[in-house]
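File shown here: upload38.csv, holding CSV, C-alpha atoms.
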```csv
chain,number,residue,atom,x,y,z
A,1,MET,CA,7.0,-27.8,-17.3
A,2,LYS,CA,10.6,-28.5,-16.2
A,3,ASP,CA,11.9,-31.7,-14.7
A,4,ARG,CA,14.3,-31.7,-11.8
A,5,LEU,CA,17.2,-33.2,-13.6
A,6,HIS,CA,20.6,-33.9,-12.0
A,7,GLY,CA,22.5,-35.9,-14.6
A,8,VAL,CA,25.1,-34.0,-16.6
A,9,LEU,CA,23.8,-35.2,-20.0
A,10,LEU,CA,20.2,-34.5,-19.0
A,11,MET,CA,20.9,-31.0,-17.8
A,12,ASN,CA,22.2,-30.2,-21.3
A,13,VAL,CA,19.5,-31.7,-23.4
A,14,GLU,CA,18.8,-29.3,-26.3
A,15,VAL,CA,16.8,-30.3,-29.3
A,16,PRO,CA,16.8,-28.1,-32.4
A,17,THR,CA,13.5,-26.7,-33.7
A,18,LEU,CA,12.2,-28.0,-37.0
A,19,ASP,CA,13.7,-26.4,-40.1
A,20,ARG,CA,10.6,-24.7,-41.5
A,21,VAL,CA,12.5,-23.4,-44.6
A,22,ALA,CA,13.4,-27.0,-45.6
A,23,GLU,CA,9.9,-28.1,-44.9
A,24,LYS,CA,8.4,-25.3,-47.0
A,25,LYS,CA,10.8,-26.1,-49.9
A,26,ALA,CA,9.8,-29.7,-49.7
A,27,ARG,CA,6.2,-28.9,-49.9
A,28,GLN,CA,6.8,-26.6,-52.9
A,29,ARG,CA,8.5,-29.4,-54.8
A,30,LEU,CA,5.7,-31.9,-53.8
A,31,ASP,CA,3.2,-29.5,-55.3
A,32,ARG,CA,5.2,-29.4,-58.6
A,33,LEU,CA,5.4,-33.2,-59.0
A,34,THR,CA,3.5,-35.0,-61.8
A,35,LYS,CA,0.3,-35.6,-59.9
A,36,PRO,CA,-2.7,-33.6,-58.7
A,37,GLN,CA,-1.6,-31.5,-55.6
A,38,GLY,CA,-2.1,-33.5,-52.4
A,39,SER,CA,-3.1,-36.7,-54.2
A,40,LEU,CA,-0.6,-38.8,-52.2
A,41,GLY,CA,-2.2,-37.7,-49.0
A,42,ARG,CA,-0.2,-38.4,-45.8
A,43,LEU,CA,2.8,-39.5,-47.8
A,44,GLU,CA,3.3,-35.9,-48.8
A,45,ASP,CA,2.9,-34.7,-45.3
A,46,LEU,CA,5.3,-37.3,-44.1
A,47,ALA,CA,7.9,-36.3,-46.7
A,48,ALA,CA,7.7,-32.6,-45.8
A,49,GLN,CA,7.8,-33.5,-42.1
A,50,ILE,CA,11.0,-35.6,-42.6
A,51,ALA,CA,12.5,-32.7,-44.6
A,52,GLY,CA,11.9,-30.3,-41.6
A,53,MET,CA,13.3,-32.8,-39.1
A,54,LYS,CA,16.5,-33.4,-41.1
A,55,GLY,CA,16.9,-29.8,-42.3
A,56,GLN,CA,17.1,-31.1,-45.9
A,57,PRO,CA,14.6,-29.9,-48.6
A,58,VAL,CA,15.3,-33.2,-50.4
A,59,PRO,CA,16.0,-35.6,-47.6
A,60,GLN,CA,18.0,-38.8,-47.9
A,61,ILE,CA,17.3,-41.6,-45.4
A,62,GLY,CA,20.6,-43.6,-45.4
A,63,ARG,CA,21.2,-46.1,-42.6
A,64,LYS,CA,18.2,-47.4,-40.8
A,65,VAL,CA,18.6,-48.8,-37.3
A,66,ILE,CA,16.1,-50.3,-34.9
A,67,PHE,CA,17.2,-50.4,-31.2
A,68,THR,CA,15.4,-53.3,-29.5
A,69,VAL,CA,16.1,-52.8,-25.8
A,70,ALA,CA,15.4,-55.5,-23.3
A,71,ALA,CA,15.0,-55.7,-19.5
A,72,ASP,CA,13.0,-57.5,-16.9
A,73,HIS,CA,10.5,-56.3,-14.3
A,74,GLY,CA,10.1,-57.3,-10.7
A,75,VAL,CA,6.4,-56.6,-10.8
A,76,VAL,CA,5.8,-60.0,-12.6
A,77,GLU,CA,5.8,-61.4,-9.1
A,78,GLU,CA,2.3,-60.0,-8.8
A,79,GLY,CA,0.9,-62.2,-11.6
A,80,VAL,CA,0.5,-59.4,-14.2
A,81,SER,CA,1.8,-61.3,-17.2
A,82,ALA,CA,0.6,-64.4,-19.0
A,83,TYR,CA,4.2,-65.4,-19.7
A,84,PRO,CA,7.0,-66.3,-17.3
A,85,GLN,CA,10.0,-63.9,-16.9
A,86,SER,CA,12.3,-66.5,-18.5
A,87,VAL,CA,10.9,-65.5,-21.9
A,88,THR,CA,12.8,-62.2,-21.9
A,89,VAL,CA,16.2,-63.8,-22.0
A,90,GLN,CA,15.0,-66.5,-24.5
A,91,MET,CA,13.6,-63.9,-26.8
A,92,VAL,CA,16.8,-61.8,-26.7
A,93,LEU,CA,18.6,-64.9,-28.0
A,94,ASN,CA,16.0,-65.3,-30.6
A,95,PHE,CA,16.6,-61.7,-31.8
A,96,LEU,CA,20.3,-62.3,-31.9
A,97,ARG,CA,19.8,-65.5,-34.0
A,98,GLY,CA,17.6,-63.6,-36.4
A,99,GLY,CA,14.4,-65.6,-35.8
A,100,ALA,CA,12.0,-63.1,-34.3
A,101,GLY,CA,9.3,-61.0,-35.9
A,102,ILE,CA,11.5,-57.9,-35.7
A,103,ASN,CA,14.3,-59.6,-37.6
A,104,VAL,CA,12.0,-60.6,-40.4
A,105,LEU,CA,10.5,-57.2,-40.8
A,106,ALA,CA,13.8,-55.4,-40.4
A,107,ARG,CA,15.3,-57.5,-43.2
A,108,HIS,CA,12.3,-56.7,-45.3
A,109,VAL,CA,12.9,-53.0,-45.1
A,110,GLY,CA,16.7,-53.1,-45.0
A,111,ALA,CA,17.1,-52.0,-41.4
A,112,GLU,CA,19.7,-53.1,-38.9
A,113,VAL,CA,18.6,-54.5,-35.5
A,114,ILE,CA,20.8,-53.6,-32.5
A,115,VAL,CA,19.7,-55.4,-29.3
A,116,VAL,CA,20.5,-53.8,-25.9
A,117,ASP,CA,20.6,-55.7,-22.6
A,118,ALA,CA,19.5,-52.9,-20.2
A,119,GLY,CA,18.5,-55.2,-17.4
A,120,VAL,CA,17.6,-58.7,-18.4
A,121,ALA,CA,17.5,-61.3,-15.6
A,122,GLY,CA,20.1,-63.5,-17.3
A,123,GLU,CA,23.6,-63.2,-18.8
A,124,PHE,CA,24.7,-63.2,-22.4
A,125,PRO,CA,28.1,-63.9,-23.9
A,126,PRO,CA,29.5,-61.3,-26.3
A,127,MET,CA,27.5,-61.6,-29.5
A,128,ASP,CA,27.3,-59.7,-32.7
A,129,GLY,CA,24.4,-57.2,-32.6
A,130,LEU,CA,24.2,-57.1,-28.8
A,131,ILE,CA,25.2,-54.2,-26.6
A,132,ARG,CA,25.6,-55.4,-23.0
A,133,ARG,CA,24.8,-52.4,-20.8
A,134,LYS,CA,22.9,-53.9,-17.9
A,135,ILE,CA,21.9,-51.7,-14.9
A,136,ARG,CA,21.0,-54.8,-12.9
A,137,PRO,CA,19.0,-57.9,-13.5
A,138,GLY,CA,15.6,-56.4,-13.6
A,139,THR,CA,13.7,-53.7,-11.7
A,140,ALA,CA,12.4,-54.2,-8.1
A,141,ASN,CA,8.8,-55.2,-7.6
A,142,MET,CA,7.2,-51.8,-7.7
A,143,ALA,CA,4.2,-53.1,-5.8
A,144,LYS,CA,6.5,-53.1,-2.8
A,145,GLU,CA,9.2,-50.5,-3.5
A,146,PRO,CA,10.2,-48.1,-6.3
A,147,ALA,CA,11.1,-49.9,-9.5
A,148,MET,CA,14.6,-48.3,-9.4
A,149,THR,CA,16.5,-45.6,-7.6
A,150,ARG,CA,16.5,-42.0,-8.8
A,151,SER,CA,20.1,-42.4,-9.7
A,152,GLU,CA,19.3,-45.5,-11.8
A,153,ALA,CA,16.6,-43.6,-13.6
A,154,GLU,CA,19.1,-41.0,-14.6
A,155,GLN,CA,21.6,-43.7,-15.6
A,156,THR,CA,19.1,-45.4,-17.9
A,157,VAL,CA,18.3,-42.2,-19.9
A,158,GLU,CA,21.9,-41.2,-20.1
A,159,ALA,CA,23.0,-44.7,-21.1
A,160,GLY,CA,20.4,-44.6,-23.9
A,161,MET,CA,21.8,-41.3,-25.1
A,162,GLN,CA,25.4,-42.6,-25.0
A,163,ILE,CA,24.5,-45.8,-26.9
A,164,PHE,CA,22.8,-43.9,-29.7
A,165,THR,CA,25.7,-41.5,-29.9
A,166,GLN,CA,28.3,-44.4,-30.1
A,167,VAL,CA,26.4,-46.1,-32.9
A,168,TYR,CA,25.7,-42.8,-34.7
A,169,GLU,CA,29.4,-41.8,-34.6
A,170,LYS,CA,30.5,-45.2,-36.0
A,171,GLY,CA,28.4,-45.2,-39.2
A,172,GLY,CA,25.8,-42.5,-39.0
A,173,ILE,CA,22.0,-43.1,-38.6
A,174,GLY,CA,19.5,-41.7,-41.0
A,175,LEU,CA,16.4,-43.1,-39.4
A,176,VAL,CA,15.9,-44.8,-36.0
A,177,GLY,CA,13.2,-47.2,-34.8
A,178,LEU,CA,12.4,-48.0,-31.2
A,179,GLY,CA,11.7,-51.6,-30.1
A,180,ASP,CA,11.4,-53.3,-26.7
A,181,MET,CA,11.4,-56.7,-25.0
A,182,GLY,CA,10.5,-57.4,-21.3
A,183,ILE,CA,7.9,-59.5,-19.7
A,184,GLY,CA,5.9,-57.2,-17.4
A,185,ASN,CA,6.6,-54.0,-19.3
A,186,THR,CA,3.0,-53.3,-20.3
A,187,THR,CA,2.4,-52.9,-16.5
A,188,ALA,CA,5.1,-50.3,-16.2
A,189,SER,CA,4.0,-48.6,-19.4
A,190,SER,CA,0.4,-48.5,-18.1
A,191,ALA,CA,1.5,-46.9,-14.8
A,192,ILE,CA,3.7,-44.3,-16.7
A,193,THR,CA,0.9,-43.5,-19.1
A,194,ALA,CA,-1.7,-43.1,-16.4
A,195,VAL,CA,0.5,-40.6,-14.6
A,196,LEU,CA,1.7,-38.6,-17.5
A,197,THR,CA,-1.7,-38.4,-19.3
A,198,GLY,CA,-3.9,-38.0,-16.2
A,199,SER,CA,-5.9,-41.1,-17.2
A,200,SER,CA,-7.5,-43.7,-15.0
A,201,VAL,CA,-5.6,-47.0,-14.7
A,202,ARG,CA,-8.7,-48.9,-15.8
A,203,ALA,CA,-9.0,-46.9,-19.0
A,204,ILE,CA,-5.4,-47.4,-20.3
A,205,THR,CA,-4.5,-50.9,-19.1
A,206,GLY,CA,-4.7,-53.7,-21.6
A,207,ARG,CA,-4.2,-57.5,-21.7
A,208,GLY,CA,-0.5,-57.3,-22.6
A,209,THR,CA,0.7,-60.8,-23.6
A,210,GLY,CA,-2.9,-62.1,-23.5
A,211,LEU,CA,-4.3,-61.9,-20.0
A,212,GLU,CA,-7.8,-63.4,-19.3
A,213,ASP,CA,-10.4,-61.2,-17.6
A,214,ALA,CA,-9.5,-62.1,-14.0
A,215,ALA,CA,-5.8,-61.6,-14.6
A,216,LEU,CA,-6.5,-58.2,-16.3
A,217,ASP,CA,-8.5,-57.1,-13.2
A,218,ARG,CA,-5.6,-58.1,-11.0
A,219,LYS,CA,-3.2,-56.2,-13.2
A,220,VAL,CA,-5.4,-53.0,-12.9
A,221,GLN,CA,-5.6,-53.4,-9.1
A,222,VAL,CA,-1.8,-53.9,-8.9
A,223,ILE,CA,-1.1,-50.7,-10.9
A,224,GLU,CA,-3.7,-48.7,-8.8
A,225,ARG,CA,-2.0,-49.9,-5.6
A,226,VAL,CA,1.4,-49.0,-7.0
A,227,LEU,CA,0.4,-45.5,-7.9
A,228,GLN,CA,-1.2,-45.0,-4.5
A,229,LEU,CA,1.9,-46.3,-2.8
A,230,HIS,CA,4.5,-44.2,-4.6
A,231,ARG,CA,2.5,-41.2,-5.9
A,232,PRO,CA,4.8,-40.4,-8.8
A,233,ASP,CA,5.0,-36.7,-9.7
A,234,PRO,CA,3.6,-36.1,-13.2
A,235,ASP,CA,5.7,-32.9,-13.5
A,236,ASP,CA,8.9,-34.9,-13.0
A,237,ALA,CA,9.5,-37.5,-15.7
A,238,LEU,CA,12.4,-39.0,-13.8
A,239,ASP,CA,10.4,-39.4,-10.7
A,240,VAL,CA,7.8,-41.4,-12.7
A,241,LEU,CA,10.6,-43.5,-14.3
A,242,HIS,CA,12.2,-44.1,-10.9
A,243,LYS,CA,9.0,-45.2,-9.2
A,244,VAL,CA,7.1,-47.1,-11.8
A,245,GLY,CA,9.3,-47.5,-14.9
A,246,GLY,CA,11.6,-50.0,-16.5
A,247,PHE,CA,15.2,-50.0,-17.5
A,248,GLU,CA,14.4,-50.5,-21.2
A,249,ILE,CA,11.9,-47.6,-21.1
A,250,GLY,CA,14.6,-45.3,-19.7
A,251,TYR,CA,17.1,-46.4,-22.3
A,252,LEU,CA,14.6,-45.8,-25.1
A,253,ALA,CA,13.8,-42.4,-23.8
A,254,GLY,CA,17.5,-41.6,-23.9
A,255,ILE,CA,17.8,-42.9,-27.5
A,256,THR,CA,14.9,-40.7,-28.5
A,257,LEU,CA,16.5,-37.6,-26.9
A,258,ALA,CA,19.9,-38.2,-28.5
A,259,ALA,CA,18.4,-38.9,-32.0
A,260,ALA,CA,16.3,-35.7,-31.8
A,261,GLN,CA,19.4,-33.7,-30.9
A,262,ARG,CA,21.0,-34.8,-34.2
A,263,ARG,CA,17.9,-34.3,-36.3
A,264,VAL,CA,17.3,-38.0,-36.8
A,265,PRO,CA,13.6,-38.9,-37.1
A,266,VAL,CA,12.5,-41.4,-34.5
A,267,ILE,CA,9.9,-44.0,-35.4
A,268,VAL,CA,8.0,-45.0,-32.3
A,269,ASP,CA,6.6,-48.6,-32.2
A,270,GLY,CA,3.8,-49.6,-29.8
A,271,PHE,CA,2.7,-49.0,-26.2
A,272,ILE,CA,6.1,-49.5,-24.4
A,273,THR,CA,8.1,-47.4,-26.8
A,274,THR,CA,5.4,-44.7,-26.7
A,275,ALA,CA,5.6,-44.7,-22.9
A,276,ALA,CA,9.4,-44.1,-23.3
A,277,ALA,CA,8.6,-41.3,-25.8
A,278,LEU,CA,6.3,-39.7,-23.2
A,279,ILE,CA,9.2,-39.7,-20.7
A,280,ALA,CA,11.5,-38.1,-23.3
A,281,TRP,CA,8.8,-35.6,-24.3
A,282,ARG,CA,8.3,-34.5,-20.6
A,283,ILE,CA,12.1,-34.1,-20.3
A,284,CYS,CA,12.3,-32.0,-23.5
A,285,PRO,CA,8.9,-31.1,-25.2
A,286,GLU,CA,10.6,-30.2,-28.5
A,287,VAL,CA,11.3,-34.0,-29.0
A,288,ARG,CA,7.7,-34.5,-30.1
A,289,HIS,CA,8.5,-32.9,-33.5
A,290,TYR,CA,11.0,-35.6,-34.2
A,291,LEU,CA,8.6,-38.5,-33.5
A,292,VAL,CA,6.7,-40.5,-36.1
A,293,ALA,CA,4.0,-42.8,-34.7
A,294,SER,CA,4.2,-46.1,-36.7
A,295,HIS,CA,0.9,-47.7,-35.7
A,296,ARG,CA,-1.9,-47.8,-33.2
A,297,SER,CA,-1.5,-50.8,-30.9
A,298,VAL,CA,-4.6,-52.6,-29.5
A,299,GLU,CA,-3.3,-51.7,-26.0
A,300,PRO,CA,-5.9,-49.1,-24.9
A,301,GLY,CA,-3.3,-46.8,-23.3
A,302,HIS,CA,-1.4,-46.5,-26.6
A,303,ALA,CA,-4.0,-44.3,-28.3
A,304,THR,CA,-4.2,-42.1,-25.2
A,305,ALA,CA,-0.4,-41.6,-25.1
A,306,LEU,CA,-0.3,-40.8,-28.8
A,307,LYS,CA,-3.2,-38.3,-28.5
A,308,THR,CA,-1.4,-36.6,-25.5
A,309,MET,CA,1.6,-36.0,-27.7
A,310,GLU,CA,-0.6,-35.1,-30.7
A,311,LEU,CA,0.8,-37.9,-32.8
A,312,GLN,CA,-1.3,-39.6,-35.5
A,313,PRO,CA,-0.3,-43.2,-36.3
A,314,LEU,CA,0.5,-44.2,-39.9
A,315,LEU,CA,-1.0,-47.7,-39.5
A,316,ASP,CA,-3.7,-49.6,-37.6
A,317,LEU,CA,-3.1,-53.3,-38.0
A,318,ARG,CA,-4.3,-54.6,-34.6
A,319,MET,CA,-0.7,-55.3,-33.7
A,320,ARG,CA,0.6,-55.7,-30.1
A,321,LEU,CA,3.9,-57.6,-30.5
A,322,GLY,CA,6.4,-54.8,-29.8
A,323,GLU,CA,10.1,-55.6,-30.5
A,324,GLY,CA,10.0,-52.7,-33.0
A,325,THR,CA,7.9,-54.5,-35.5
A,326,GLY,CA,5.5,-51.6,-36.2
A,327,ALA,CA,8.5,-49.3,-36.5
A,328,ALA,CA,10.1,-51.5,-39.1
A,329,LEU,CA,6.9,-51.5,-41.2
A,330,ALA,CA,6.6,-47.7,-40.9
A,331,MET,CA,10.3,-47.3,-42.1
A,332,GLY,CA,9.1,-48.5,-45.5
A,333,LEU,CA,6.5,-45.8,-45.6
A,334,VAL,CA,8.9,-43.1,-44.4
A,335,GLU,CA,11.4,-44.1,-47.1
A,336,ALA,CA,8.7,-44.3,-49.7
A,337,ALA,CA,7.5,-40.8,-48.9
A,338,CYS,CA,11.1,-39.4,-49.2
A,339,LYS,CA,11.6,-41.2,-52.5
A,340,ILE,CA,8.5,-39.6,-53.9
A,341,LEU,CA,10.0,-36.3,-53.0
A,342,THR,CA,13.5,-37.1,-54.3
A,343,GLU,CA,12.8,-39.4,-57.3
A,344,MET,CA,9.5,-38.3,-58.9
A,345,ALA,CA,9.7,-35.8,-61.7
A,346,THR,CA,8.1,-32.4,-61.7
A,347,PHE,CA,5.8,-31.2,-64.5
A,348,ASP,CA,8.7,-29.2,-66.0
A,349,GLU,CA,11.2,-32.1,-65.8
A,350,ALA,CA,8.7,-34.6,-67.4
A,351,GLY,CA,7.3,-32.2,-70.0
A,352,VAL,CA,3.8,-33.0,-68.8
A,353,ASP,CA,1.0,-30.4,-69.1
A,354,GLU,CA,-0.4,-29.0,-65.9
A,355,LYS,CA,-3.9,-28.7,-64.7
A,356,ALA,CA,-5.9,-26.3,-67.0
A,357,GLU,CA,-6.8,-22.9,-65.6
```
Encoded form using structure tokens:
Amino acid sequence: MKDRLHGVLLMNVEVPTLDRVAEKKARQRLDRLTKPQGSLGRLEDLAAQIAGMKGQPVPQIGRKVIFTVAADHGVVEEGVSAYPQSVTVQMVLNFLRGGAGINVLARHVGAEVIVVDAGVAGEFPPMDGLIRRKIRPGTANMAKEPAMTRSEAEQTVEAGMQIFTQVYEKGGIGLVGLGDMGIGNTTASSAITAVLTGSSVRAITGRGTGLEDAALDRKVQVIERVLQLHRPDPDDALDVLHKVGGFEIGYLAGITLAAAQRRVPVIVDGFITTAAALIAWRICPEVRHYLVASHRSVEPGHATALKTMELQPLLDLRMRLGEGTGAALAMGLVEAACKILTEMATFDEAGVDEKAE
């Protein structure tokens, strides 16, 4: 299916196919390593997958970057979140001071965190690690009007592509993780996921930051009312983003597209970043082959979105924090898989006898 795209960058999105030769050579080497064939399970599949993405039979990871993109959502006026909107700006400052969960886990795996202000309802001074690229201070209340204009939807995706490109050209990126921050963004992600997977709102809407039963029912009703009001077109990803999306979701979709264009594997975090990946996938279906699902969130819509894109998560730790925390954890697994391929000896190299015939 083809989206009706008007932005210059979006009209020229082309993602290379996986390098099957590199993938095959990686699998051949994996089969020659000093272990029973297939004994490292999904780590072997992951190593071969990364080889095909990068076009390198013996892939090197290099610089690891997590983009944590933040924005606010007008729909919080409808009582869909357990936390006030002020938390978004407060958490961005926490990220920049290094005190959040994503900072801890990124340090643990040796990844760099870049925070992007895509539309936070607050201002930040210039700070190290922060890219200020605000569309405006939060989306409109989509229960009353579209979340953003069509033009803004295009701007978000193109801005995400540009941000990735700028960071990539300054120091390269070998592995990218997606992260998010924005009070109210599970509401937008539920709406996007319902439209793009054809699921019922009730089936894919979760508690977000911790809603009680009555508040969860209200959240479901708000999303159902929003979809009935705007009727987003499931065959047009930008129409969906325009009517029920979020600025951070658009930026993350753009980062995903730009990374895939350069053969950089993209590690998707939880529900919000997977909604962004759905947008990118509907813009360019080939993107799916460059996605690694880090974990399965407890948000019910996350599993549905992953299944729609035929992605199998690496972890299931009952996480629902976002920020890129699951992506950071999975970076360790991706790097471990590649090190198995690149550093482990073959039977010939180690002088070890092979399996008897």
Nearest candidate to Ser200 of chain A (options A:Ala330, A:Ile223, A:Ile279, A:Val89; using only C-alpha atoms):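 Among the listed residues, A:Ile223 lies closest to Ser200 of chain A.
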Check which residues of segment 234-260 of chain A sit at most 10 Å from segment 161-180 of chain A using only C-alpha atoms, and return one row each with the closest pair of atoms and their distance in Å to one decimal, ordered by chain and rising number, as CSV.
```
residue,atom,partner,partner_atom,distance
A:Glu248,CA,A:Asp180,CA,6.9
A:Ile249,CA,A:Asp180,CA,8.0
A:Gly250,CA,A:Met161,CA,9.8
A:Tyr251,CA,A:Met161,CA,7.5
A:Leu252,CA,A:Leu178,CA,6.8
A:Ala253,CA,A:Met161,CA,8.2
A:Gly254,CA,A:Met161,CA,4.5
A:Ile255,CA,A:Met161,CA,4.9
A:Thr256,CA,A:Met161,CA,7.7
A:Leu257,CA,A:Met161,CA,6.7
A:Ala258,CA,A:Met161,CA,5.0
A:Ala259,CA,A:Phe164,CA,7.0
```
Which one is closest to Val69 of chain A: A:Ala48, A:Leu211, A:Leu93, A:Met181? Count only C-alpha atoms.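 Distance minimum relative to Val69 of chain A lands on A:Met181.
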Which residue of A:Met331, A:Val87, A:Leu238, A:Ile102 approaches Thr149 of chain A most closely, using all atoms listed in the file: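 Of the candidates, the smallest distance to Thr149 of chain A is held by A:Leu238.
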I'd like to know which of A:Thr346, A:Thr68, A:Asn12, A:Gln56 is closest to Gly160 of chain A, using all atoms listed in the file. A:Thr68
Between atom CA of Leu18 of chain A and atom CA of Phe347 of chain A, distance in Å (one decimal):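 Taking atom CA of Leu18 of chain A as the start and atom CA of Phe347 of chain A as the end point, the length is 28.4 Å.
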Name the residues in contact with segment 185-193 of chain A at a cut-off of 10 Å, using only C-alpha atoms, excluding same-chain residues fewer than 5 positions from it; report them as a count of residues only. 58
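Atom pair atom CA of Asp217 of chain A / atom CA of His295 of chain A: separated by 26.1 Å.
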So, counting only C-alpha atoms, which residue among A:Leu321, A:Ala350, A:Leu30, A:Val65 is closest to Pro265 of chain A?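 Ranked by minimum distance to Pro265 of chain A, first place goes to A:Val65.
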Using all atoms listed in the file, list the residues that have an atom at most 12 Å from (7.2, -45.5, -47.7), coordinates as in the file, as a list of chain:residue names.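 In the file's frame, the residues around the point are A:Leu40, A:Arg42, A:Leu43, A:Glu44, A:Asp45, A:Leu46, A:Ala47, A:Ile50, A:Ile61, A:Val109, A:Ser294, A:Leu314, A:Leu315, A:Ala327, A:Ala328, A:Leu329, A:Ala330, A:Met331, A:Gly332, A:Leu333, A:Val334, A:Glu335, A:Ala336, A:Ala337, A:Cys338, A:Lys339, A:Ile340, A:Leu341.
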At what distance in Å, to one decimal, does atom CA of Thr325 of chain A lie from atom CA of Gly110 of chain A?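 Computing it gives 13.0 Å between the two atoms.
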Between A:Leu306, A:Leu33, A:Val13, A:Leu317, which residue has the minimum interatomic distance to Pro285 of chain A, considering all atoms listed in the file? A:Val13
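Omitting Arg263 of chain A and its sequence neighbours fewer than 2 positions away, and counting all atoms listed in the file, the residues within 8 Å are Pro16, Met53, Lys54, Gly55, Ala259, Ala260, Gln261, Pro265 and Tyr290 of chain A.
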Selection to disk with C-alpha atoms, as a short mmCIF file (atom, residue, chain, number, x, y, z; two decimals), in the coordinates of the input:
```cif
data_model
loop_
_atom_site.label_atom_id
_atom_site.label_comp_id
_atom_site.auth_asym_id
_atom_site.auth_seq_id
_atom_site.Cartn_x
_atom_site.Cartn_y
_atom_site.Cartn_z
CA PRO A 16 16.80 -28.10 -32.40
CA MET A 53 13.30 -32.80 -39.10
CA LYS A 54 16.50 -33.40 -41.10
CA GLY A 55 16.90 -29.80 -42.30
CA ALA A 259 18.40 -38.90 -32.00
CA ALA A 260 16.30 -35.70 -31.80
CA GLN A 261 19.40 -33.70 -30.90
CA PRO A 265 13.60 -38.90 -37.10
CA TYR A 290 11.00 -35.60 -34.20
#
```
Please provide the set of residues having any atom within 12 Å of Arg97 of chain A, restricted to all atoms listed in the file, with same-chain residues fewer than 2 positions apart removed, written as a ChimeraX atom specification. /A:90-95,99-104,113,115,127-130
Please rebuild segment 50-62 of chain A with N, CA and C atoms and return the result as a PDB file, in the frame of the given file.
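part12.pdb was written with the following content:
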```pdb
ATOM      1  N   ILE A  50       9.672 -35.043 -42.658  1.00  0.00           N
ATOM      2  CA  ILE A  50      11.000 -35.600 -42.600  1.00  0.00           C
ATOM      3  C   ILE A  50      12.031 -34.504 -43.061  1.00  0.00           C
ATOM      4  N   ALA A  51      11.663 -33.741 -44.090  1.00  0.00           N
ATOM      5  CA  ALA A  51      12.500 -32.700 -44.600  1.00  0.00           C
ATOM      6  C   ALA A  51      12.789 -31.643 -43.464  1.00  0.00           C
ATOM      7  N   GLY A  52      11.742 -31.294 -42.723  1.00  0.00           N
ATOM      8  CA  GLY A  52      11.900 -30.300 -41.600  1.00  0.00           C
ATOM      9  C   GLY A  52      12.707 -30.907 -40.483  1.00  0.00           C
ATOM     10  N   MET A  53      12.540 -32.201 -40.194  1.00  0.00           N
ATOM     11  CA  MET A  53      13.300 -32.800 -39.100  1.00  0.00           C
ATOM     12  C   MET A  53      14.820 -32.819 -39.503  1.00  0.00           C
ATOM     13  N   LYS A  54      15.114 -33.253 -40.715  1.00  0.00           N
ATOM     14  CA  LYS A  54      16.500 -33.400 -41.100  1.00  0.00           C
ATOM     15  C   LYS A  54      17.149 -32.079 -41.548  1.00  0.00           C
ATOM     16  N   GLY A  55      16.325 -31.065 -41.811  1.00  0.00           N
ATOM     17  CA  GLY A  55      16.900 -29.800 -42.300  1.00  0.00           C
ATOM     18  C   GLY A  55      17.363 -29.935 -43.734  1.00  0.00           C
ATOM     19  N   GLN A  56      16.711 -30.827 -44.509  1.00  0.00           N
ATOM     20  CA  GLN A  56      17.100 -31.100 -45.900  1.00  0.00           C
ATOM     21  C   GLN A  56      15.838 -30.998 -46.772  1.00  0.00           C
ATOM     22  N   PRO A  57      15.770 -30.030 -47.705  1.00  0.00           N
ATOM     23  CA  PRO A  57      14.600 -29.900 -48.600  1.00  0.00           C
ATOM     24  C   PRO A  57      14.350 -31.196 -49.393  1.00  0.00           C
ATOM     25  N   VAL A  58      15.440 -31.907 -49.720  1.00  0.00           N
ATOM     26  CA  VAL A  58      15.300 -33.200 -50.400  1.00  0.00           C
ATOM     27  C   VAL A  58      16.032 -34.234 -49.565  1.00  0.00           C
ATOM     28  N   PRO A  59      15.335 -34.763 -48.573  1.00  0.00           N
ATOM     29  CA  PRO A  59      16.000 -35.600 -47.600  1.00  0.00           C
ATOM     30  C   PRO A  59      16.401 -36.976 -48.063  1.00  0.00           C
ATOM     31  N   GLN A  60      17.555 -37.413 -47.593  1.00  0.00           N
ATOM     32  CA  GLN A  60      18.000 -38.800 -47.900  1.00  0.00           C
ATOM     33  C   GLN A  60      17.948 -39.569 -46.552  1.00  0.00           C
ATOM     34  N   ILE A  61      17.485 -40.808 -46.650  1.00  0.00           N
ATOM     35  CA  ILE A  61      17.300 -41.600 -45.400  1.00  0.00           C
ATOM     36  C   ILE A  61      18.593 -42.238 -44.968  1.00  0.00           C
ATOM     37  N   GLY A  62      19.302 -42.935 -45.800  1.00  0.00           N
ATOM     38  CA  GLY A  62      20.600 -43.600 -45.400  1.00  0.00           C
ATOM     39  C   GLY A  62      20.331 -44.761 -44.472  1.00  0.00           C
TER      40      GLY A  62
END
```
